[in-house]
file protein_19.tsv (TSV, C-alpha atoms)
chain	number	residue	atom	x	y	z
A	1	MET	CA	-55.22	-25.15	108.86
A	2	SER	CA	-54.88	-21.73	107.27
A	3	ALA	CA	-56.02	-20.08	110.49
A	4	THR	CA	-53.29	-21.95	112.37
A	5	ILE	CA	-50.66	-20.85	109.87
A	6	GLU	CA	-51.76	-17.24	110.00
A	7	ALA	CA	-51.55	-17.41	113.80
A	8	THR	CA	-47.99	-18.77	113.73
A	9	VAL	CA	-46.60	-16.57	110.93
A	10	HIS	CA	-46.50	-12.92	112.00
A	11	MET	CA	-45.25	-10.64	109.24
A	12	PRO	CA	-45.27	-6.84	109.63
A	13	ALA	CA	-47.78	-4.81	107.66
A	14	PRO	CA	-46.25	-3.32	104.49
A	15	ALA	CA	-45.26	0.34	104.73
A	16	VAL	CA	-45.59	0.97	100.98
A	17	ARG	CA	-47.77	-0.44	98.21
A	18	GLU	CA	-47.46	-0.32	94.46
A	19	LYS	CA	-49.04	2.58	92.57
A	20	HIS	CA	-49.04	3.64	88.94
A	21	ALA	CA	-46.32	6.09	87.98
A	22	ARG	CA	-46.98	9.27	86.06
A	23	GLU	CA	-45.51	8.51	82.66
A	24	LEU	CA	-46.01	9.37	79.00
A	25	SER	CA	-45.48	7.60	75.72
A	26	GLY	CA	-41.84	7.83	74.74
A	27	LEU	CA	-42.11	8.31	70.98
A	28	PRO	CA	-43.70	11.80	71.05
A	29	MET	CA	-41.15	12.92	73.63
A	30	PHE	CA	-38.32	11.49	71.52
A	31	PHE	CA	-39.42	13.46	68.45
A	32	LEU	CA	-39.91	16.55	70.63
A	33	GLY	CA	-36.34	16.22	71.83
A	34	LEU	CA	-35.20	15.71	68.25
A	35	ALA	CA	-36.99	18.91	67.20
A	36	VAL	CA	-35.39	20.84	70.07
A	37	PHE	CA	-32.01	19.43	69.08
A	38	VAL	CA	-32.49	20.65	65.49
A	39	ALA	CA	-33.52	24.06	66.84
A	40	MET	CA	-30.39	24.13	68.98
A	41	VAL	CA	-28.17	23.34	66.00
A	42	TRP	CA	-29.89	26.04	63.93
A	43	THR	CA	-29.42	28.52	66.79
A	44	ILE	CA	-25.72	27.75	67.07
A	45	ILE	CA	-25.19	28.10	63.29
A	46	SER	CA	-27.19	31.32	63.21
A	47	GLY	CA	-25.18	32.69	66.11
A	48	ILE	CA	-21.91	31.90	64.36
A	49	ASN	CA	-23.06	33.59	61.15
A	50	SER	CA	-24.25	36.64	63.10
A	51	ALA	CA	-20.91	36.88	64.89
A	52	ASP	CA	-19.03	36.78	61.59
A	53	ALA	CA	-21.23	39.54	60.18
A	54	THR	CA	-21.15	41.91	63.18
A	55	ARG	CA	-17.81	40.82	64.61
A	56	GLU	CA	-19.39	40.81	68.08
A	57	ALA	CA	-20.02	37.93	70.51
A	58	PRO	CA	-23.67	36.78	70.11
A	59	VAL	CA	-24.52	36.57	73.82
A	60	GLY	CA	-28.25	36.06	73.22
A	61	TRP	CA	-27.62	33.29	70.73
A	62	MET	CA	-25.26	31.57	73.18
A	63	ILE	CA	-27.76	31.70	76.03
A	64	ALA	CA	-30.50	30.34	73.76
A	65	SER	CA	-28.24	27.52	72.61
A	66	VAL	CA	-27.37	26.55	76.19
A	67	LEU	CA	-31.04	26.54	77.20
A	68	LEU	CA	-31.97	24.42	74.19
A	69	LEU	CA	-29.13	22.02	75.02
A	70	LEU	CA	-30.42	21.65	78.58
A	71	ALA	CA	-33.95	21.05	77.26
A	72	VAL	CA	-32.72	18.32	74.91
A	73	ALA	CA	-30.74	16.67	77.73
A	74	LEU	CA	-33.74	16.70	80.08
A	75	ILE	CA	-36.16	15.41	77.45
A	76	TRP	CA	-33.93	12.56	76.35
A	77	LYS	CA	-32.87	11.70	79.90
A	78	GLY	CA	-36.51	11.07	80.75
A	79	LEU	CA	-36.74	8.34	78.10
A	80	PHE	CA	-36.55	4.69	79.16
A	81	THR	CA	-37.71	1.32	77.87
A	82	VAL	CA	-39.84	-1.33	79.56
A	83	ALA	CA	-39.51	-4.88	78.24
A	84	PRO	CA	-42.35	-7.43	78.40
A	85	GLY	CA	-42.28	-9.22	81.73
A	86	GLU	CA	-40.45	-6.33	83.40
A	87	VAL	CA	-41.39	-3.12	85.19
A	88	ARG	CA	-39.55	0.01	86.27
A	89	VAL	CA	-39.76	1.27	89.85
A	90	LEU	CA	-39.41	5.06	89.90
A	91	GLN	CA	-37.90	7.08	92.75
A	92	PHE	CA	-37.59	10.86	93.03
A	93	LEU	CA	-35.06	12.09	95.58
A	94	GLY	CA	-35.32	8.75	97.41
A	95	ARG	CA	-39.13	8.76	97.51
A	96	TYR	CA	-41.15	6.09	95.71
A	97	VAL	CA	-43.33	7.76	93.07
A	98	GLY	CA	-44.78	4.77	91.21
A	99	THR	CA	-44.22	1.78	88.95
A	100	ALA	CA	-44.23	1.84	85.15
A	101	ARG	CA	-45.75	-1.39	83.80
A	102	THR	CA	-46.57	-0.40	80.20
A	103	ASP	CA	-43.96	-1.92	77.90
A	104	GLY	CA	-42.23	-0.04	75.13
A	105	LEU	CA	-40.54	3.38	75.02
A	106	ARG	CA	-41.78	5.53	77.91
A	107	TRP	CA	-41.01	8.94	79.39
A	108	ALA	CA	-41.11	10.10	82.98
A	109	ASN	CA	-39.62	12.82	85.14
A	110	PRO	CA	-35.94	12.94	84.06
A	111	LEU	CA	-34.82	13.46	87.66
A	112	THR	CA	-36.19	10.10	88.77
A	113	THR	CA	-34.23	6.86	89.07
A	114	ARG	CA	-35.72	3.78	87.42
A	115	GLU	CA	-34.90	0.32	88.73
A	116	LYS	CA	-35.74	-2.72	86.65
A	117	ILE	CA	-37.66	-5.57	88.34
A	118	SER	CA	-38.75	-8.78	86.62
A	119	VAL	CA	-42.37	-9.86	87.09
A	120	ARG	CA	-41.97	-13.10	85.16
A	121	ILE	CA	-43.00	-16.43	86.70
A	122	ARG	CA	-40.09	-18.06	88.51
A	123	ASN	CA	-39.26	-21.42	90.09
A	124	HIS	CA	-37.39	-22.04	93.30
A	125	GLU	CA	-36.38	-25.57	94.22
A	126	THR	CA	-35.07	-26.16	97.69
A	127	ALA	CA	-32.12	-28.34	98.45
A	128	THR	CA	-32.80	-31.75	99.94
A	129	LEU	CA	-33.34	-30.96	103.63
A	130	LYS	CA	-32.78	-33.45	106.44
A	131	VAL	CA	-35.35	-32.85	109.18
A	132	ASN	CA	-37.36	-34.78	111.77
A	133	ASP	CA	-41.02	-35.52	111.16
A	134	ALA	CA	-43.73	-35.28	113.83
A	135	ASP	CA	-42.74	-38.72	115.18
A	136	GLY	CA	-39.09	-37.73	115.47
A	137	ASN	CA	-37.93	-39.86	112.54
A	138	PRO	CA	-35.21	-38.27	110.36
A	139	ILE	CA	-36.44	-37.77	106.80
A	140	GLU	CA	-35.24	-36.10	103.62
A	141	ILE	CA	-37.58	-33.62	101.95
A	142	ALA	CA	-37.41	-31.09	99.13
A	143	ALA	CA	-39.97	-28.89	97.39
A	144	VAL	CA	-40.39	-26.57	94.43
A	145	VAL	CA	-42.41	-23.36	94.52
A	146	VAL	CA	-43.69	-21.39	91.53
A	147	TRP	CA	-43.92	-17.68	92.34
A	148	GLN	CA	-44.23	-14.23	90.80
A	149	VAL	CA	-43.71	-10.66	91.97
A	150	GLU	CA	-47.15	-9.09	92.41
A	151	ASP	CA	-46.38	-5.84	94.25
A	152	THR	CA	-43.13	-4.32	93.00
A	153	ALA	CA	-43.03	-1.62	95.67
A	154	ARG	CA	-43.01	-4.15	98.49
A	155	ALA	CA	-40.52	-6.35	96.62
A	156	ARG	CA	-38.15	-3.40	96.29
A	157	PHE	CA	-38.54	-1.58	99.61
A	158	GLU	CA	-39.85	-4.09	102.21
A	159	VAL	CA	-36.95	-6.59	102.00
A	160	ASP	CA	-33.28	-6.35	101.07
A	161	ASP	CA	-33.31	-9.07	98.39
A	162	PHE	CA	-36.73	-10.50	97.55
A	163	VAL	CA	-35.29	-13.46	95.58
A	164	ARG	CA	-33.16	-14.59	98.53
A	165	PHE	CA	-36.05	-13.84	100.89
A	166	VAL	CA	-38.35	-16.21	98.96
A	167	GLY	CA	-35.71	-18.94	99.05
A	168	ILE	CA	-35.15	-18.72	102.80
A	169	GLN	CA	-38.85	-18.51	103.66
A	170	THR	CA	-39.62	-21.47	101.41
A	171	GLU	CA	-37.07	-23.64	103.19
A	172	THR	CA	-38.45	-22.48	106.54
A	173	ALA	CA	-41.98	-23.44	105.52
A	174	VAL	CA	-40.84	-26.85	104.25
A	175	ARG	CA	-39.08	-27.56	107.55
A	176	HIS	CA	-42.15	-26.49	109.52
A	177	ILE	CA	-44.47	-28.69	107.46
A	178	ALA	CA	-42.12	-31.67	107.81
A	179	ASN	CA	-42.03	-31.19	111.59
A	180	SER	CA	-45.82	-30.94	111.79
A	181	TYR	CA	-46.78	-34.25	110.16
A	182	PRO	CA	-45.52	-37.83	110.39
A	183	TYR	CA	-43.95	-39.47	107.36
A	184	ASP	CA	-46.44	-42.34	107.61
A	185	ASN	CA	-49.45	-42.55	109.92
A	186	HIS	CA	-49.21	-46.37	110.21
A	187	GLU	CA	-53.00	-46.81	109.96
A	188	GLU	CA	-53.66	-44.10	112.55
A	189	THR	CA	-55.97	-41.16	112.03
A	190	GLY	CA	-54.60	-37.89	110.67
A	191	LEU	CA	-52.58	-36.69	107.71
A	192	SER	CA	-49.18	-38.01	106.74
A	193	LEU	CA	-46.55	-36.72	104.35
A	194	ARG	CA	-46.51	-39.87	102.22
A	195	GLU	CA	-50.22	-40.65	101.96
A	196	ASN	CA	-51.73	-37.13	101.83
A	197	ALA	CA	-49.54	-35.35	99.31
A	198	ASP	CA	-52.31	-33.12	97.93
A	199	GLU	CA	-53.40	-31.85	101.34
A	200	ILE	CA	-49.79	-31.34	102.47
A	201	THR	CA	-48.81	-29.38	99.35
A	202	GLU	CA	-51.89	-27.19	99.72
A	203	THR	CA	-50.93	-26.45	103.31
A	204	LEU	CA	-47.36	-25.79	102.21
A	205	ALA	CA	-48.53	-23.28	99.57
A	206	ILE	CA	-50.67	-21.46	102.16
A	207	GLU	CA	-47.77	-21.17	104.61
A	208	ILE	CA	-45.29	-19.99	101.97
A	209	SER	CA	-47.82	-17.38	100.80
A	210	ALA	CA	-48.22	-16.13	104.36
A	211	ARG	CA	-44.45	-15.85	104.77
A	212	VAL	CA	-43.63	-14.05	101.49
A	213	GLN	CA	-46.61	-11.71	101.21
A	214	SER	CA	-44.59	-8.94	102.89
A	215	ALA	CA	-42.24	-9.03	99.90
A	216	GLY	CA	-45.10	-8.57	97.44
A	217	VAL	CA	-44.75	-12.11	96.09
A	218	LYS	CA	-47.61	-14.33	94.94
A	219	VAL	CA	-47.23	-18.10	95.23
A	220	ILE	CA	-48.78	-19.87	92.23
A	221	GLU	CA	-48.07	-23.48	93.20
A	222	SER	CA	-45.85	-25.59	95.40
A	223	ARG	CA	-45.05	-29.30	95.27
A	224	LEU	CA	-42.91	-31.77	97.17
A	225	THR	CA	-40.21	-33.09	94.83
A	226	HIS	CA	-38.42	-35.46	97.20
A	227	LEU	CA	-39.61	-37.37	100.25
A	228	ALA	CA	-37.81	-40.31	101.85
A	229	TYR	CA	-36.55	-41.62	105.13
A	230	ALA	CA	-32.98	-40.70	106.02
A	231	PRO	CA	-30.42	-43.38	105.03
A	232	GLU	CA	-29.71	-44.39	108.63
A	233	ILE	CA	-33.29	-45.59	109.21
A	234	ALA	CA	-34.42	-46.29	105.66
A	235	HIS	CA	-33.74	-50.05	105.88
A	236	ALA	CA	-35.56	-50.46	109.19
A	237	MET	CA	-38.56	-48.47	107.95
A	238	LEU	CA	-38.63	-50.50	104.73
A	239	GLN	CA	-38.80	-53.72	106.76
A	240	ARG	CA	-41.63	-52.19	108.81
A	241	GLN	CA	-43.54	-51.27	105.67
A	242	GLN	CA	-42.98	-54.72	104.19
A	243	ALA	CA	-44.19	-56.36	107.42
A	244	GLY	CA	-47.29	-54.18	107.38
A	245	ALA	CA	-47.96	-55.11	103.77
A	246	VAL	CA	-47.57	-58.83	104.55
A	247	VAL	CA	-49.92	-58.58	107.53
A	248	ALA	CA	-52.49	-56.68	105.47
A	249	ALA	CA	-52.26	-59.26	102.67
A	250	ARG	CA	-52.60	-62.18	105.08
A	251	THR	CA	-55.62	-60.52	106.69
A	252	ARG	CA	-57.35	-60.26	103.32
A	253	ILE	CA	-56.49	-63.86	102.49
A	254	VAL	CA	-57.87	-65.16	105.80
A	255	GLU	CA	-61.06	-63.11	105.43
A	256	GLY	CA	-61.59	-64.49	101.95
A	257	ALA	CA	-60.82	-68.07	103.03
A	258	VAL	CA	-63.28	-67.93	105.92
A	259	GLY	CA	-65.96	-66.66	103.56
A	260	MET	CA	-65.28	-69.45	101.09
A	261	VAL	CA	-65.43	-72.09	103.85
A	262	GLU	CA	-68.74	-70.71	105.12
A	263	LEU	CA	-70.13	-70.75	101.57
A	264	ALA	CA	-68.96	-74.33	101.03
A	265	LEU	CA	-70.59	-75.56	104.24
A	266	GLU	CA	-73.83	-73.74	103.41
A	267	ARG	CA	-73.95	-75.21	99.89
A	268	LEU	CA	-73.31	-78.73	101.16
A	269	ALA	CA	-76.05	-78.38	103.73
A	270	ASP	CA	-78.56	-76.83	101.31
A	271	HIS	CA	-78.08	-79.50	98.63
A	272	GLU	CA	-77.84	-82.33	101.20
A	273	VAL	CA	-74.75	-83.67	99.50
A	274	VAL	CA	-73.38	-85.13	102.70
A	275	GLU	CA	-74.30	-84.94	106.33
A	276	LEU	CA	-71.39	-83.78	108.46
A	277	ASP	CA	-71.14	-83.95	112.19
A	278	GLU	CA	-69.12	-81.42	114.18
A	279	GLU	CA	-65.89	-83.40	114.00
A	280	ARG	CA	-66.11	-83.81	110.22
A	281	LYS	CA	-66.94	-80.12	109.80
A	282	ALA	CA	-63.87	-79.22	111.86
A	283	ALA	CA	-61.67	-81.47	109.72
A	284	MET	CA	-63.11	-80.02	106.51
A	285	VAL	CA	-62.64	-76.47	107.72
A	286	SER	CA	-59.05	-77.22	108.70
A	287	ASN	CA	-58.25	-78.74	105.31
A	288	LEU	CA	-59.88	-75.89	103.36
A	289	LEU	CA	-58.08	-73.24	105.39
A	290	VAL	CA	-54.75	-74.97	104.83
A	291	VAL	CA	-55.38	-75.07	101.09
A	292	LEU	CA	-56.66	-71.49	100.81
A	293	CYS	CA	-54.28	-69.75	103.23
A	294	GLY	CA	-51.09	-71.60	102.50
A	295	ASP	CA	-48.35	-69.78	100.58
A	296	ARG	CA	-47.26	-73.00	98.85
A	297	SER	CA	-49.04	-75.49	96.64
A	298	THR	CA	-50.74	-78.29	98.60
A	299	GLN	CA	-50.35	-81.97	97.87
A	300	PRO	CA	-53.65	-83.87	97.91
A	301	VAL	CA	-53.87	-87.02	100.09
A	302	VAL	CA	-56.42	-89.67	99.08
A	303	ASN	CA	-58.04	-91.30	102.10
A	304	THR	CA	-58.99	-94.89	101.20
A	305	GLY	CA	-60.46	-95.57	104.60
A	306	SER	CA	-62.91	-93.66	106.74
A	307	LEU	CA	-62.48	-90.41	108.62
A	308	TYR	CA	-61.98	-92.30	111.84
A	309	THR	CA	-59.41	-94.89	110.67
call {"tool": "encode", "arguments": {"input": "protein_19.tsv", "output": "structure tokens"}}
result
Amino acid sequence: MSATIEATVHMPAPAVREKHARELSGLPMFFLGLAVFVAMVWTIISGINSADATREAPVGWMIASVLLLLAVALIWKGLFTVAPGEVRVLQFLGRYVGTARTDGLRWANPLTTREKISVRIRNHETATLKVNDADGNPIEIAAVVVWQVEDTARARFEVDDFVRFVGIQTETAVRHIANSYPYDNHEETGLSLRENADEITETLAIEISARVQSAGVKVIESRLTHLAYAPEIAHAMLQRQQAGAVVAARTRIVEGAVGMVELALERLADHEVVELDEERKAAMVSNLLVVLCGDRSTQPVVNTGSLYT
């Protein structure tokens, strides 16, 4: 089945894949920036004192102060935080340079942009869809898929909105699965949506995975949450199921009754309780079958004469 799905779902090869960004721990860089800031303040104060003493503009002190200010701005601009369950996708001049996955205070090139992407496990439950099964019967079906972003680069750059992309592709896969199998096989060979839930959900997970892999998404599990005939045919299909159940029950009852009659005749013959000719055997079989197969309680009739009168 997976080979068939792979043959029917053609997704383009990803143009970019996730890689680790060049980053540093943020605390040392924060204290470095703090030290530069203190040096800048000391430079400014020293320059002011020198200007008061010499009554001349301290050009060198001013240039040093401006340079220290720029250094502080660059150092602190490179600081960013990464929360647990989140990552930061880094871009430099529009080019992807890596993903920061280590949580805490981090530091990277201050000229990069850092976009936050959640890698937590998510659920998506489809709306109740009305589709036709393989036999053409209208049915209602819904599913839930558990998924997680695995490749942040593909999730960010391969699709416009990976959350919406997962939702649309999930509904597409559910519709395709519903169209590929009958709701009930009616004792025929093959899988059905109602009787083979485990196999169907496994196939559904494989197809969803094939559809969303371009977005860097990993499907953890998928399950059908709603499955029923459409209201316009639900009553007719219920009568069909009830009729099938009645026929199956009657078949079991008849099989058991025939076995009991055969056993009774064999026991009577083995123990030589009574010798029965063909006509008496037929009458006995008829009476036993009526008693065993009837859906109502039987009323015994005492025959005070013979079988033939």
call {"tool": "atom_distance", "arguments": {"input": "protein_19.tsv", "atom1": "CA of Gln148 (chain A)", "atom2": "CA of Lys218 (chain A)"}}
result
5.3 Å
call {"tool": "residues_near_point", "arguments": {"input": "protein_19.tsv", "point": "(-38.4, -22.0, 94.6)", "cutoff": "6 Å", "atoms": "all atoms listed in the file", "output": "ChimeraX atom specification"}}
result
/A:123-125,144-145
call {"tool": "atom_distance", "arguments": {"input": "protein_19.tsv", "atom1": "CA of Ile208 (chain A)", "atom2": "CA of Ala230 (chain A)"}}
result
24.4 Å
call {"tool": "residues_around", "arguments": {"input": "protein_19.tsv", "residues": "region 168-183 of chain A", "least_positions_apart": "3", "cutoff": "9 Å", "atoms": "only C-alpha atoms", "output": "NGL selection string"}}
result
:A and (124-127 or 129-137 or 139 or 141-145 or 163-165 or 190-195 or 200 or 203-205 or 207-208 or 211-212 or 224 or 227-229)
call {"tool": "write_last_selection", "arguments": {"input": "protein_19.tsv", "atoms": "C-alpha atoms", "output": "compact mmCIF listing (two decimals), keeping the file's coordinate frame"}}
result
# COMPACT_ATOMS: atom_id res chain seq x y z
CA HIS A 124 -37.39 -22.04 93.30
CA GLU A 125 -36.38 -25.57 94.22
CA THR A 126 -35.07 -26.16 97.69
CA ALA A 127 -32.12 -28.34 98.45
CA LEU A 129 -33.34 -30.96 103.63
CA LYS A 130 -32.78 -33.45 106.44
CA VAL A 131 -35.35 -32.85 109.18
CA ASN A 132 -37.36 -34.78 111.77
CA ASP A 133 -41.02 -35.52 111.16
CA ALA A 134 -43.73 -35.28 113.83
CA ASP A 135 -42.74 -38.72 115.18
CA GLY A 136 -39.09 -37.73 115.47
CA ASN A 137 -37.93 -39.86 112.54
CA ILE A 139 -36.44 -37.77 106.80
CA ILE A 141 -37.58 -33.62 101.95
CA ALA A 142 -37.41 -31.09 99.13
CA ALA A 143 -39.97 -28.89 97.39
CA VAL A 144 -40.39 -26.57 94.43
CA VAL A 145 -42.41 -23.36 94.52
CA VAL A 163 -35.29 -13.46 95.58
CA ARG A 164 -33.16 -14.59 98.53
CA PHE A 165 -36.05 -13.84 100.89
CA GLY A 190 -54.60 -37.89 110.67
CA LEU A 191 -52.58 -36.69 107.71
CA SER A 192 -49.18 -38.01 106.74
CA LEU A 193 -46.55 -36.72 104.35
CA ARG A 194 -46.51 -39.87 102.22
CA GLU A 195 -50.22 -40.65 101.96
CA ILE A 200 -49.79 -31.34 102.47
CA THR A 203 -50.93 -26.45 103.31
CA LEU A 204 -47.36 -25.79 102.21
CA ALA A 205 -48.53 -23.28 99.57
CA GLU A 207 -47.77 -21.17 104.61
CA ILE A 208 -45.29 -19.99 101.97
CA ARG A 211 -44.45 -15.85 104.77
CA VAL A 212 -43.63 -14.05 101.49
CA LEU A 224 -42.91 -31.77 97.17
CA LEU A 227 -39.61 -37.37 100.25
CA ALA A 228 -37.81 -40.31 101.85
CA TYR A 229 -36.55 -41.62 105.13
call {"tool": "residues_around", "arguments": {"input": "protein_19.tsv", "residues": "Ala155 (chain A)", "least_positions_apart": "6", "cutoff": "9 Å", "atoms": "all atoms listed in the file", "output": "VMD selection string"}}
result
chain A and resid 117 149 161 to 163 214 to 217
call {"tool": "closest_residue", "arguments": {"input": "protein_19.tsv", "among": "A:Ser25, A:Glu140, A:Phe157, A:Arg252", "to": "Pro231 (chain A)", "atoms": "all atoms listed in the file"}}
result
A:Glu140
call {"tool": "axis_aligned_box", "arguments": {"input": "protein_19.tsv", "around": "region 209-226 of chain A", "padding_each_side": "4 Å", "output": "AutoDock Vina command-line options"}}
result
--center_x -43.6 --center_y -22.0 --center_z 98.5 --size_x 18.4 --size_y 34.9 --size_z 20.5
call {"tool": "closest_residue", "arguments": {"input": "protein_19.tsv", "among": "A:Gly104, A:Gly85, A:Pro12, A:Pro138", "to": "Arg120 (chain A)", "atoms": "all atoms listed in the file"}}
result
A:Gly85
call {"tool": "residues_around", "arguments": {"input": "protein_19.tsv", "residues": "Arg114 (chain A)", "least_positions_apart": "3", "cutoff": "8 Å", "atoms": "only C-alpha atoms", "output": "compact mmCIF listing (two decimals) with C-alpha atoms, in the frame of the given file"}}
result
# COMPACT_ATOMS: atom_id res chain seq x y z
CA ARG A 88 -39.55 0.01 86.27
CA VAL A 89 -39.76 1.27 89.85
CA LEU A 90 -39.41 5.06 89.90
CA GLN A 91 -37.90 7.08 92.75
call {"tool": "residues_around", "arguments": {"input": "protein_19.tsv", "residues": "Val72 (chain A)", "least_positions_apart": "3", "cutoff": "10 Å", "atoms": "only C-alpha atoms", "output": "ChimeraX atom specification"}}
result
/A:30,32-40,66-69,75-77
call {"tool": "closest_residue", "arguments": {"input": "protein_19.tsv", "among": "A:Asn109, A:Thr152, A:Thr251, A:Gln213", "to": "Arg22 (chain A)", "atoms": "only C-alpha atoms"}}
result
A:Asn109
call {"tool": "residues_around", "arguments": {"input": "protein_19.tsv", "residues": "Glu18 (chain A)", "least_positions_apart": "5", "cutoff": "7 Å", "atoms": "only C-alpha atoms", "output": "CSV table (one decimal) with C-alpha atoms, in the frame of the given file"}}
result
chain,number,residue,atom,x,y,z
A,98,GLY,CA,-44.8,4.8,91.2
A,99,THR,CA,-44.2,1.8,89.0
A,151,ASP,CA,-46.4,-5.8,94.2
A,152,THR,CA,-43.1,-4.3,93.0
A,153,ALA,CA,-43.0,-1.6,95.7
call {"tool": "atom_distance", "arguments": {"input": "protein_19.tsv", "atom1": "CA of Trp147 (chain A)", "atom2": "CA of Asn196 (chain A)"}}
result
23.0 Å
